[in-house]
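J.: mmCIF, C-alpha atoms, file coords.cif:
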data_data
#
loop_
_atom_site.label_atom_id
_atom_site.label_comp_id
_atom_site.auth_asym_id
_atom_site.auth_seq_id
_atom_site.Cartn_x
_atom_site.Cartn_y
_atom_site.Cartn_z
CA MET Y 1 -42.50 20.53 35.85
CA GLU Y 2 -40.80 17.19 36.43
CA PRO Y 3 -37.24 17.46 37.83
CA THR Y 4 -34.61 16.41 35.35
CA GLU Y 5 -32.44 13.36 35.90
CA LEU Y 6 -29.39 15.61 36.07
CA ALA Y 7 -30.80 17.55 39.02
CA ASP Y 8 -31.32 14.31 40.97
CA ARG Y 9 -27.68 13.27 40.80
CA GLY Y 10 -26.35 15.80 43.29
CA PRO Y 11 -22.79 17.13 43.22
CA ALA Y 12 -20.67 15.73 40.40
CA GLU Y 13 -18.08 13.23 41.52
CA PRO Y 14 -15.02 12.29 39.47
CA VAL Y 15 -15.21 8.87 37.90
CA PRO Y 16 -12.34 6.44 38.66
CA ASN Y 17 -10.74 6.90 35.22
CA GLU Y 18 -10.39 10.62 35.82
CA ILE Y 19 -8.70 10.05 39.18
CA GLU Y 20 -6.22 7.61 37.64
CA THR Y 21 -5.40 10.02 34.82
CA ASP Y 22 -4.75 12.83 37.29
CA THR Y 23 -2.40 10.61 39.29
CA GLU Y 24 -0.44 9.72 36.16
CA LEU Y 25 -0.10 13.36 35.21
CA VAL Y 26 1.20 14.31 38.66
CA GLU Y 27 3.71 11.47 38.56
CA GLU Y 28 4.98 12.60 35.15
CA GLU Y 29 5.56 16.07 36.49
CA LEU Y 30 7.37 14.96 39.62
CA LEU Y 31 9.59 12.10 38.46
CA VAL Y 32 12.38 14.25 37.06
CA GLU Y 33 13.00 17.95 37.48
CA GLU Y 34 15.97 19.62 35.82
CA ILE Y 35 17.58 22.83 36.96
CA SER Y 36 20.67 24.65 35.75
CA ILE Y 37 23.20 25.84 38.30
CA ASP Y 38 25.15 27.88 35.72
CA GLY Y 39 25.82 31.32 37.15
CA MET Y 40 25.24 30.37 40.79
CA CYS Y 41 28.00 31.80 42.97
CA GLY Y 42 30.18 29.37 44.91
CA VAL Y 43 28.85 26.21 43.31
CA TYR Y 44 32.04 25.44 41.39
CA MET A 1 17.69 10.62 18.46
CA ALA A 2 14.36 9.67 19.99
CA PHE A 3 14.43 7.69 23.19
CA ASP A 4 13.77 4.02 22.49
CA ILE A 5 12.58 1.76 25.29
CA ASP A 6 13.82 -1.25 23.30
CA ARG A 7 17.43 -0.10 23.28
CA ALA A 8 20.13 -0.30 25.94
CA TYR A 9 21.09 2.88 27.79
CA ARG A 10 23.52 3.68 30.56
CA LEU A 11 24.37 6.63 32.75
CA HIS A 12 26.81 9.06 31.13
CA ASP A 13 30.37 8.65 32.45
CA ARG A 14 30.34 12.22 33.75
CA VAL A 15 27.09 11.91 35.69
CA ALA A 16 27.08 11.38 39.43
CA LEU A 17 24.00 10.03 41.17
CA ARG A 18 23.69 10.93 44.84
CA PRO A 19 21.03 9.21 46.95
CA GLU A 20 18.58 11.58 48.66
CA PRO A 21 15.50 11.02 50.84
CA PHE A 22 13.25 11.90 47.87
CA GLY A 23 15.17 9.73 45.39
CA ALA A 24 18.44 11.07 44.02
CA LEU A 25 20.28 14.07 42.71
CA ALA A 26 21.92 13.57 39.33
CA TYR A 27 24.70 15.99 38.41
CA HIS A 28 26.38 16.15 35.00
CA TYR A 29 29.95 17.39 35.29
CA GLY A 30 30.06 18.03 31.55
CA ASN A 31 27.07 20.29 30.97
CA ARG A 32 26.66 21.31 34.64
CA ARG A 33 23.02 20.38 34.69
CA LEU A 34 21.31 19.05 37.78
CA ASN A 35 18.31 16.76 37.89
CA PHE A 36 16.09 15.84 40.79
CA VAL A 37 15.00 12.24 40.42
CA ARG A 38 11.93 12.08 42.59
CA ALA A 39 11.21 8.37 42.84
CA HIS A 40 13.30 5.66 44.44
CA ASP A 41 12.19 3.04 41.95
CA LEU A 42 13.21 5.30 39.08
CA VAL A 43 16.65 5.59 40.70
CA THR A 44 16.77 1.80 40.86
CA VAL A 45 15.96 1.62 37.16
CA ILE A 46 18.59 4.22 36.24
CA GLU A 47 21.26 2.42 38.25
CA SER A 48 20.41 -0.90 36.63
CA LEU A 49 20.16 0.29 33.01
CA ALA A 50 23.72 -0.74 32.18
CA GLN A 51 22.94 -4.33 33.15
CA HIS A 52 20.05 -4.67 30.72
CA ASP A 53 19.81 -4.98 26.96
CA THR A 54 16.68 -2.81 26.89
CA VAL A 55 14.98 -0.24 29.08
CA ARG A 56 11.92 -2.46 28.98
CA SER A 57 13.95 -5.23 30.63
CA ALA A 58 15.14 -2.84 33.34
CA PHE A 59 11.53 -1.83 34.08
CA ALA A 60 10.43 -5.44 34.35
CA SER A 61 13.41 -6.45 36.47
CA ALA A 62 12.78 -3.58 38.91
CA GLY A 63 9.14 -4.65 39.22
CA ILE A 64 7.73 -1.40 37.85
CA ASP A 65 3.96 -1.61 37.34
CA ALA A 66 3.24 -1.53 33.60
CA ARG A 67 0.81 1.36 34.12
CA ARG A 68 3.74 3.50 35.26
CA TRP A 69 5.99 2.65 32.31
CA PRO A 70 4.86 5.61 30.15
CA ALA A 71 5.69 8.07 32.95
CA PHE A 72 9.03 6.36 33.58
CA GLU A 73 9.79 6.30 29.86
CA LYS A 74 9.07 10.00 29.62
CA ALA A 75 11.33 10.71 32.61
CA LEU A 76 14.18 8.66 31.12
CA ALA A 77 13.69 10.33 27.74
CA SER A 78 14.09 13.66 29.49
CA LEU A 79 17.34 12.46 31.07
CA ALA A 80 18.57 11.19 27.69
CA ALA A 81 17.72 14.51 26.04
CA SER A 82 19.91 16.23 28.64
CA ASP A 83 22.72 13.74 27.94
CA PHE A 84 22.45 12.15 31.39
CA LEU A 85 21.73 8.84 29.69
CA VAL A 86 23.50 7.61 26.59
CA VAL A 87 22.95 4.66 24.30
CA ALA A 88 25.03 1.75 25.59
#
Output the file's structure as structure tokens, nothing else.
T.:
Amino acid sequence: MEPTELADRGPAEPVPNEIETDTELVEEELLVEEISIDGMCGVY
Amino acid sequence: MAFDIDRAYRLHDRVALRPEPFGALAYHYGNRRLNFVRAHDLVTVIESLAQHDTVRSAFASAGIDARRWPAFEKALASLAASDFLVVA
């Protein structure tokens, strides 16, 4: 049986668009992070 | 009210912004909330908001790459939702 085209490609590599999207998602998560200090002893 | 990039915003009078190696800490003395702002250029934008008629203008003036505007807009919307930013 002839090998399929898919088998010839080797390990899948992310395409550039996927890399860029991941970077944007990480940046969204890290830009601002809110915490509440209500109830913490000695803060105020 | 939904955050609008074409409006003017400013830091709430009761918010203090303290520079940190990662960006800045923003503390609201009214609602006692604390925000970590994890990008120096976002801090620059926040500090300059009061000098601009729109958020869009503040982004452009700070030299923020247009591809990062959606992430920055989302971050500022989060700050506005917590009352750290108010309409000017």
J.: Would you work out the distance separating atom CA of A:Asp53 from atom CA of A:Ala77, expressed in Å to one decimal?
T.: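 Between atom CA of A:Asp53 and atom CA of A:Ala77 the gap is 16.5 Å.
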J.: Might you spell out which residues the PyMOL selection byres ((chain A) within 10 of (chain Y)) would select in the displayed file, as number ranges by chain?
T.: A: 23-27, 31-40, 42-43, 67-68, 70-76, 78-79, 82
J.: Between atom CA of A:Tyr9 and atom CA of A:Trp69, what is the distance in Å, rounded to a tenth?
T.: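 Between atom CA of A:Tyr9 and atom CA of A:Trp69 the gap works out to 15.8 Å.
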J.: Distance atom CA of A:Asp4-atom CA of A:Pro19, one decimal place?
T.: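 Taking atom CA of A:Asp4 and atom CA of A:Pro19, their separation equals 26.0 Å.
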J.: Compile the contact shell of A:Gly63 as an NGL selection string: residues with an atom at most 9 Å away, counting only C-alpha atoms, same-chain residues fewer than 4 positions apart removed.
T.: :A and (41 or 58-59)
J.: Next, dump the selected residues to file, keeping only C-alpha atoms, as a CSV table (one decimal), in the coordinates of the input.
T.:
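Saved to out-v1.csv:
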chain,number,residue,atom,x,y,z
A,41,ASP,CA,12.2,3.0,42.0
A,58,ALA,CA,15.1,-2.8,33.3
A,59,PHE,CA,11.5,-1.8,34.1
J.: Please determine the residues with any atom at most 10 Å from (28.2, 6.1, 32.2) (coordinates as given in the file, with only C-alpha atoms counting) and report them as a ChimeraX atom specification.
T.: /A:9-16,47,49-50,84-88
J.: For a quick check of understanding, using all atoms listed in the file, which of A:Phe22, A:Ala62, A:Gly30, A:Ala80 has the smallest distance to A:Val45?
T.: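 Among the listed residues, the smallest separation from A:Val45 belongs to A:Ala62.
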